[in-house]
Amino acid sequence: MDIHEYQAKDVLSNFGVTIAPGALAYSPEQAAYRARELGGDSWVVKAQVHAGGRGKAGGVKLCQSDQEIQAACEDMFGKKLVTHQTGPQGKGIYRVYVEAAVPIEREIYLGLVLDRSSQRVMIVASKEGGMEIEDISVEKPDSIVRSTVEPAVGLQEFQAREISFALGIEPPLVQQMVRTLKGCYRAFRDLDATMVEINPLVITGDGRILALDAKMTFDDNALFRHPQISELRDKSQEDPRESRAADRGLSYVGLDGNIGCIVNGAGLAMATMDTIKLAGGEPANFLDIGGGATPERVAKAFRLVMSDQNVQAVLVNIFAGINRCDWVAEGVVQALKEVQIDVPVVVRLAGTNVQEGQRILAQSGLPIIRATTLMEAAERAVGAWSNDLKQATRVRAVQ
Ligand code: ADP
Ligand code: MG
């Protein structure tokens with residue numbers, strides 16, 4: 001789960017990371033009011049969307065008066081901000097963060113990520129802040145400092161000092177940098193984050209180190225133990241299909257194709273998508289219904305897949321290990337009776353109780369296309385979709 005910049009700043013500041021004074025606003029008037037409350041004579045109005053690259057896309061504006069703040073906000077509220085990270089559809093702006101403008105002397109890049117090969121949290125930093133890390137790694141790869149943290153002891157002072165020296169931090173500021181690094185690490189570890197990014201971390205003219213931007217991503221599977229973090233969820237920033245799935249305990253990723261996939265297990269879902277592509281089709285989604293696929297769960301999965309208007313065929317691919325094919329078959333039959341499905345449905349079952357599952361499908365009298373291998377299932381789904389294309393399009397056009 002992603003959170004907004006202002007939320008990440010609040011979280012990180014509780015771990016000792018210093019931020020500039022700022023406040024949230026839901027309207028242009030409130031933004032101007034917040035600026036007056038903050039005091040000073042220049043502010044930055046920042047669109048709160050779950051994406052980086054806002055500065056270049058017009059989502060970060062420097063303002064010097066009430067009027068400028070209101071005008072900047074009028075340009076943002078209710079609009080979609082399109083940055084290189086949002087995709088062409090953009091993300092809606094419903095909140096802005098008003099922050100005191102800071103005299104920047106130097107910009108540093110600081111990121112903490114999970115490094116899968118060392119199975120450790122890795123700190124990635126560069127003197128070349130302000131640029132995206134992808135660009136830094138292409139244009140200034142030598143400027144990148146990497147350091148992995150030994151989980152048994154956490155981030156050590158000497159290690160944080162080494163990173164500071166590698167970034168060329170002036171000796172009087174090293175202690176502040178160490179506090180920032182340790183704060184980010186503790187926030188990452190204690191809150192089960194998967195990413196913390198401060199870009200830029202700035203050094204001001206008056207010798208302060210401040211997080212001017214902040215991004216945090218959390219492990220969805222650990223959110224249950226951090227209710228204060230899961231409260232920060234903002235569904236307006238998520239793909240509605242994905243939030244509907246998450247609310248129903250299903251893992252769903254919307255894609256651009258037209259073959260809906262209902263699969264158990266992420267690995268099998270990936271293999272299914274690959275096979276659909278191999279058969280010449282394009283998957284409309286990645287949907288993992290998980291281990292215990294009760295008939296209700298299968299029906300929910302069908303409803304979700306069918307809510308995508310692009311879906312023109314559904315492929316159900318189940319390998320029953322913990323699951324049972326007969327339960328899944330019952331689920332498919334129940335779903336087909338309950339959910340209005342006007343596209344071909346191909347089902348491939350393998351594993352525990354497969355014969356019983358096949359019998360249930362065969363005896364249901366429903367127009368289910370059965371397949372024994374994954375390749376056959378993918379070919380049938382792609383074939384069924386092409387044959388059925390005209391008819392399916394007509395049915396949808398009538399609806
Ligand atoms: P994004 O990464 O989405 O473009 P940032 O928060 O990093 O958004 O802001 C973009 C740029 O705007 C920063 O690199 C920084 O130069 C400038 N900026 C952001 N906040 C402030 C601030 N409070 N004072 C001065 N400049 C700022
Ligand atoms: Mg940034």
# chains A, B, ... in the order shown; residues from 1 in each chain; ligands from 1
$ closest_atom_pairs --of "chain A" --to "ligand 1" --cutoff "7 Å" --atoms "only C-alpha atoms and all ligand atoms" --output "Markdown table"
| residue | atom | partner | partner_atom_place_in_ligand_line | distance |
| --- | --- | --- | --- | --- |
| A:Ala20 | CA | ligand 1 | 23 (N) | 6.5 |
| A:Trp43 | CA | ligand 1 | 23 (N) | 6.8 |
| A:Val44 | CA | ligand 1 | 23 (N) | 5.4 |
| A:Ala51 | CA | ligand 1 | 3 (O) | 6.5 |
| A:Gly52 | CA | ligand 1 | 3 (O) | 3.7 |
| A:Gly53 | CA | ligand 1 | 4 (O) | 3.8 |
| A:Arg54 | CA | ligand 1 | 3 (O) | 3.6 |
| A:Gly55 | CA | ligand 1 | 4 (O) | 3.5 |
| A:Lys56 | CA | ligand 1 | 4 (O) | 6.0 |
| A:Val60 | CA | ligand 1 | 9 (O) | 6.0 |
| A:Glu99 | CA | ligand 1 | 23 (N) | 5.1 |
| A:Ala100 | CA | ligand 1 | 23 (N) | 5.2 |
| A:Ala101 | CA | ligand 1 | 24 (N) | 3.5 |
| A:Val102 | CA | ligand 1 | 24 (N) | 3.9 |
| A:Pro103 | CA | ligand 1 | 25 (C) | 6.3 |
| A:Ile104 | CA | ligand 1 | 25 (C) | 6.5 |
| A:Gly130 | CA | ligand 1 | 14 (O) | 4.5 |
| A:Asn199 | CA | ligand 1 | 7 (O) | 5.5 |
| A:Pro200 | CA | ligand 1 | 14 (O) | 5.4 |
| A:Leu212 | CA | ligand 1 | 20 (N) | 5.1 |
| A:Asp213 | CA | ligand 1 | 6 (O) | 4.0 |
$ select_by_dssp --residues "region 112-313 of chain A" --states "strand (DSSP E or B)" --output "ChimeraX atom specification"
/A:112-115,120-126,144-149,193-204,209-211,215-218,251-254,259-263,283,285-288,313
$ closest_residue --among "A:Ala320, A:Ile108, A:Ile3, A:Leu255" --to "ligand 2" --atoms "only C-alpha atoms and all ligand atoms"
A:Ile108
$ residues_around --residues "region 216-231 of chain A" --least-positions-apart "6" --cutoff "10 Å" --atoms "only C-alpha atoms" --output "count of residues only"
26
$ closest_residue --among "A:Cys73, A:Leu114, A:Glu132, A:Tyr97" --to "ligand 2" --atoms "only C-alpha atoms and all ligand atoms"
A:Glu132
$ atom_distance --atom1 "CA of Cys261 (chain A)" --atom2 "CA of Gly365 (chain A)"
22.2 Å
$ select_by_dssp --residues "region 139-340 of chain A" --states "helix (DSSP H, G or I)" --output "PyMOL selection string"
chain A and resi 139+141-143+157-166+171-190+220-225+227-230+235-237+240-247+266-278+295-306+325-338
$ closest_residue --among "A:Pro88, A:Gly292, A:Gly58, A:Gly129" --to "ligand 2" --atoms "only C-alpha atoms and all ligand atoms"
A:Gly129
$ residues_around --residues "region 272-276 of chain A" --least-positions-apart "2" --cutoff "8 Å" --atoms "only C-alpha atoms" --output "list in words"
Cys261, Val263, Leu268, Ala269, Met270, Leu278, Ala279, Gly280, Gly281, Glu282, Pro283, Phe286, Asn317, Leu374, Met375, Ala378, Glu379 and Val382 of chain A
$ write_last_selection --atoms "all heavy atoms" --output "compact mmCIF listing (two decimals), in the first residue's frame"
# COMPACT_ATOMS: atom_id res chain seq x y z
N CYS A 261 -8.65 -13.89 -16.11
CA CYS A 261 -8.03 -15.10 -15.55
C CYS A 261 -8.45 -15.26 -14.09
O CYS A 261 -8.38 -14.31 -13.31
CB CYS A 261 -6.51 -14.98 -15.56
SG CYS A 261 -5.85 -14.54 -17.16
N VAL A 263 -7.33 -17.77 -11.12
CA VAL A 263 -6.28 -18.76 -10.90
C VAL A 263 -6.00 -18.86 -9.41
O VAL A 263 -6.24 -17.91 -8.68
CB VAL A 263 -5.00 -18.32 -11.66
CG1 VAL A 263 -3.94 -19.39 -11.59
CG2 VAL A 263 -5.30 -18.01 -13.13
N LEU A 268 1.12 -19.76 -10.48
CA LEU A 268 0.27 -20.33 -11.53
C LEU A 268 -0.38 -19.19 -12.34
O LEU A 268 -0.56 -19.32 -13.56
CB LEU A 268 -0.81 -21.21 -10.90
CG LEU A 268 -1.61 -22.08 -11.86
CD1 LEU A 268 -0.72 -23.04 -12.62
CD2 LEU A 268 -2.69 -22.85 -11.11
N ALA A 269 -0.70 -18.09 -11.66
CA ALA A 269 -1.29 -16.95 -12.38
C ALA A 269 -0.30 -16.40 -13.40
O ALA A 269 -0.66 -16.10 -14.55
CB ALA A 269 -1.70 -15.86 -11.39
N MET A 270 0.97 -16.32 -13.02
CA MET A 270 2.00 -15.82 -13.95
C MET A 270 2.12 -16.78 -15.14
O MET A 270 2.18 -16.36 -16.30
CB MET A 270 3.37 -15.74 -13.27
CG MET A 270 3.42 -14.88 -12.06
SD MET A 270 3.29 -13.17 -12.48
CE MET A 270 4.99 -12.76 -12.51
N LEU A 278 1.35 -16.82 -25.18
CA LEU A 278 1.91 -17.77 -26.13
C LEU A 278 0.85 -18.23 -27.13
O LEU A 278 1.13 -18.44 -28.31
CB LEU A 278 2.46 -18.99 -25.36
CG LEU A 278 3.25 -20.01 -26.14
CD1 LEU A 278 4.53 -19.38 -26.69
CD2 LEU A 278 3.61 -21.21 -25.26
N ALA A 279 -0.39 -18.34 -26.65
CA ALA A 279 -1.48 -18.76 -27.53
C ALA A 279 -2.01 -17.61 -28.38
O ALA A 279 -2.97 -17.77 -29.13
CB ALA A 279 -2.61 -19.37 -26.70
N GLY A 280 -1.40 -16.45 -28.23
CA GLY A 280 -1.77 -15.32 -29.09
C GLY A 280 -2.80 -14.38 -28.48
O GLY A 280 -3.32 -13.50 -29.16
N GLY A 281 -3.08 -14.52 -27.18
CA GLY A 281 -4.06 -13.63 -26.54
C GLY A 281 -3.40 -12.67 -25.58
O GLY A 281 -2.17 -12.66 -25.44
N GLU A 282 -4.22 -11.86 -24.93
CA GLU A 282 -3.71 -10.90 -23.94
C GLU A 282 -4.56 -11.01 -22.68
O GLU A 282 -5.79 -10.89 -22.75
CB GLU A 282 -3.84 -9.46 -24.48
CG GLU A 282 -2.84 -9.08 -25.55
CD GLU A 282 -1.39 -9.01 -25.05
OE1 GLU A 282 -1.18 -8.73 -23.85
OE2 GLU A 282 -0.48 -9.26 -25.86
N PRO A 283 -3.93 -11.23 -21.51
CA PRO A 283 -4.72 -11.32 -20.28
C PRO A 283 -5.31 -9.96 -19.87
O PRO A 283 -4.67 -8.93 -20.05
CB PRO A 283 -3.71 -11.80 -19.23
CG PRO A 283 -2.36 -11.55 -19.81
CD PRO A 283 -2.50 -11.47 -21.29
N PHE A 286 -4.75 -10.21 -13.59
CA PHE A 286 -4.06 -11.24 -12.82
C PHE A 286 -4.93 -11.38 -11.58
O PHE A 286 -5.06 -10.43 -10.83
CB PHE A 286 -2.66 -10.69 -12.50
CG PHE A 286 -1.90 -11.43 -11.45
CD1 PHE A 286 -0.80 -12.18 -11.80
CD2 PHE A 286 -2.24 -11.34 -10.11
CE1 PHE A 286 -0.07 -12.85 -10.83
CE2 PHE A 286 -1.51 -12.01 -9.14
CZ PHE A 286 -0.42 -12.76 -9.51
N ASN A 317 -8.16 -21.44 -14.19
CA ASN A 317 -7.08 -22.42 -14.17
C ASN A 317 -6.73 -22.74 -12.72
O ASN A 317 -6.18 -21.90 -12.01
CB ASN A 317 -5.86 -21.86 -14.90
CG ASN A 317 -4.74 -22.88 -14.96
OD1 ASN A 317 -5.00 -24.09 -14.91
ND2 ASN A 317 -3.50 -22.42 -15.06
N LEU A 374 -2.92 -26.77 -19.58
CA LEU A 374 -2.95 -25.31 -19.56
C LEU A 374 -2.88 -24.75 -20.99
O LEU A 374 -3.59 -23.80 -21.33
CB LEU A 374 -1.78 -24.79 -18.70
CG LEU A 374 -1.55 -23.29 -18.67
CD1 LEU A 374 -2.83 -22.53 -18.34
CD2 LEU A 374 -0.47 -22.95 -17.64
N MET A 375 -2.03 -25.40 -21.83
CA MET A 375 -1.90 -24.91 -23.20
C MET A 375 -3.24 -25.00 -23.93
O MET A 375 -3.67 -24.07 -24.60
CB MET A 375 -0.83 -25.74 -23.93
CG MET A 375 -0.37 -25.14 -25.23
SD MET A 375 0.47 -23.56 -24.96
CE MET A 375 -0.15 -22.61 -26.32
N ALA A 378 -5.56 -22.33 -22.69
CA ALA A 378 -5.24 -20.99 -23.22
C ALA A 378 -5.68 -20.89 -24.68
O ALA A 378 -6.29 -19.91 -25.10
CB ALA A 378 -3.75 -20.74 -23.10
N GLU A 379 -5.41 -21.96 -25.45
CA GLU A 379 -5.80 -21.93 -26.87
C GLU A 379 -7.31 -21.84 -27.01
O GLU A 379 -7.83 -21.11 -27.85
CB GLU A 379 -5.27 -23.17 -27.60
CG GLU A 379 -3.80 -23.00 -27.95
CD GLU A 379 -3.13 -24.29 -28.38
OE1 GLU A 379 -3.78 -25.36 -28.32
OE2 GLU A 379 -1.95 -24.21 -28.77
N VAL A 382 -8.45 -18.29 -26.10
CA VAL A 382 -8.13 -17.35 -27.18
C VAL A 382 -9.06 -17.63 -28.38
O VAL A 382 -9.65 -16.71 -28.95
CB VAL A 382 -6.65 -17.45 -27.59
CG1 VAL A 382 -6.36 -16.58 -28.81
CG2 VAL A 382 -5.75 -17.04 -26.43
$ atom_distance --atom1 "CA of Ala32 (chain A)" --atom2 "CA of Glu107 (chain A)"
27.4 Å
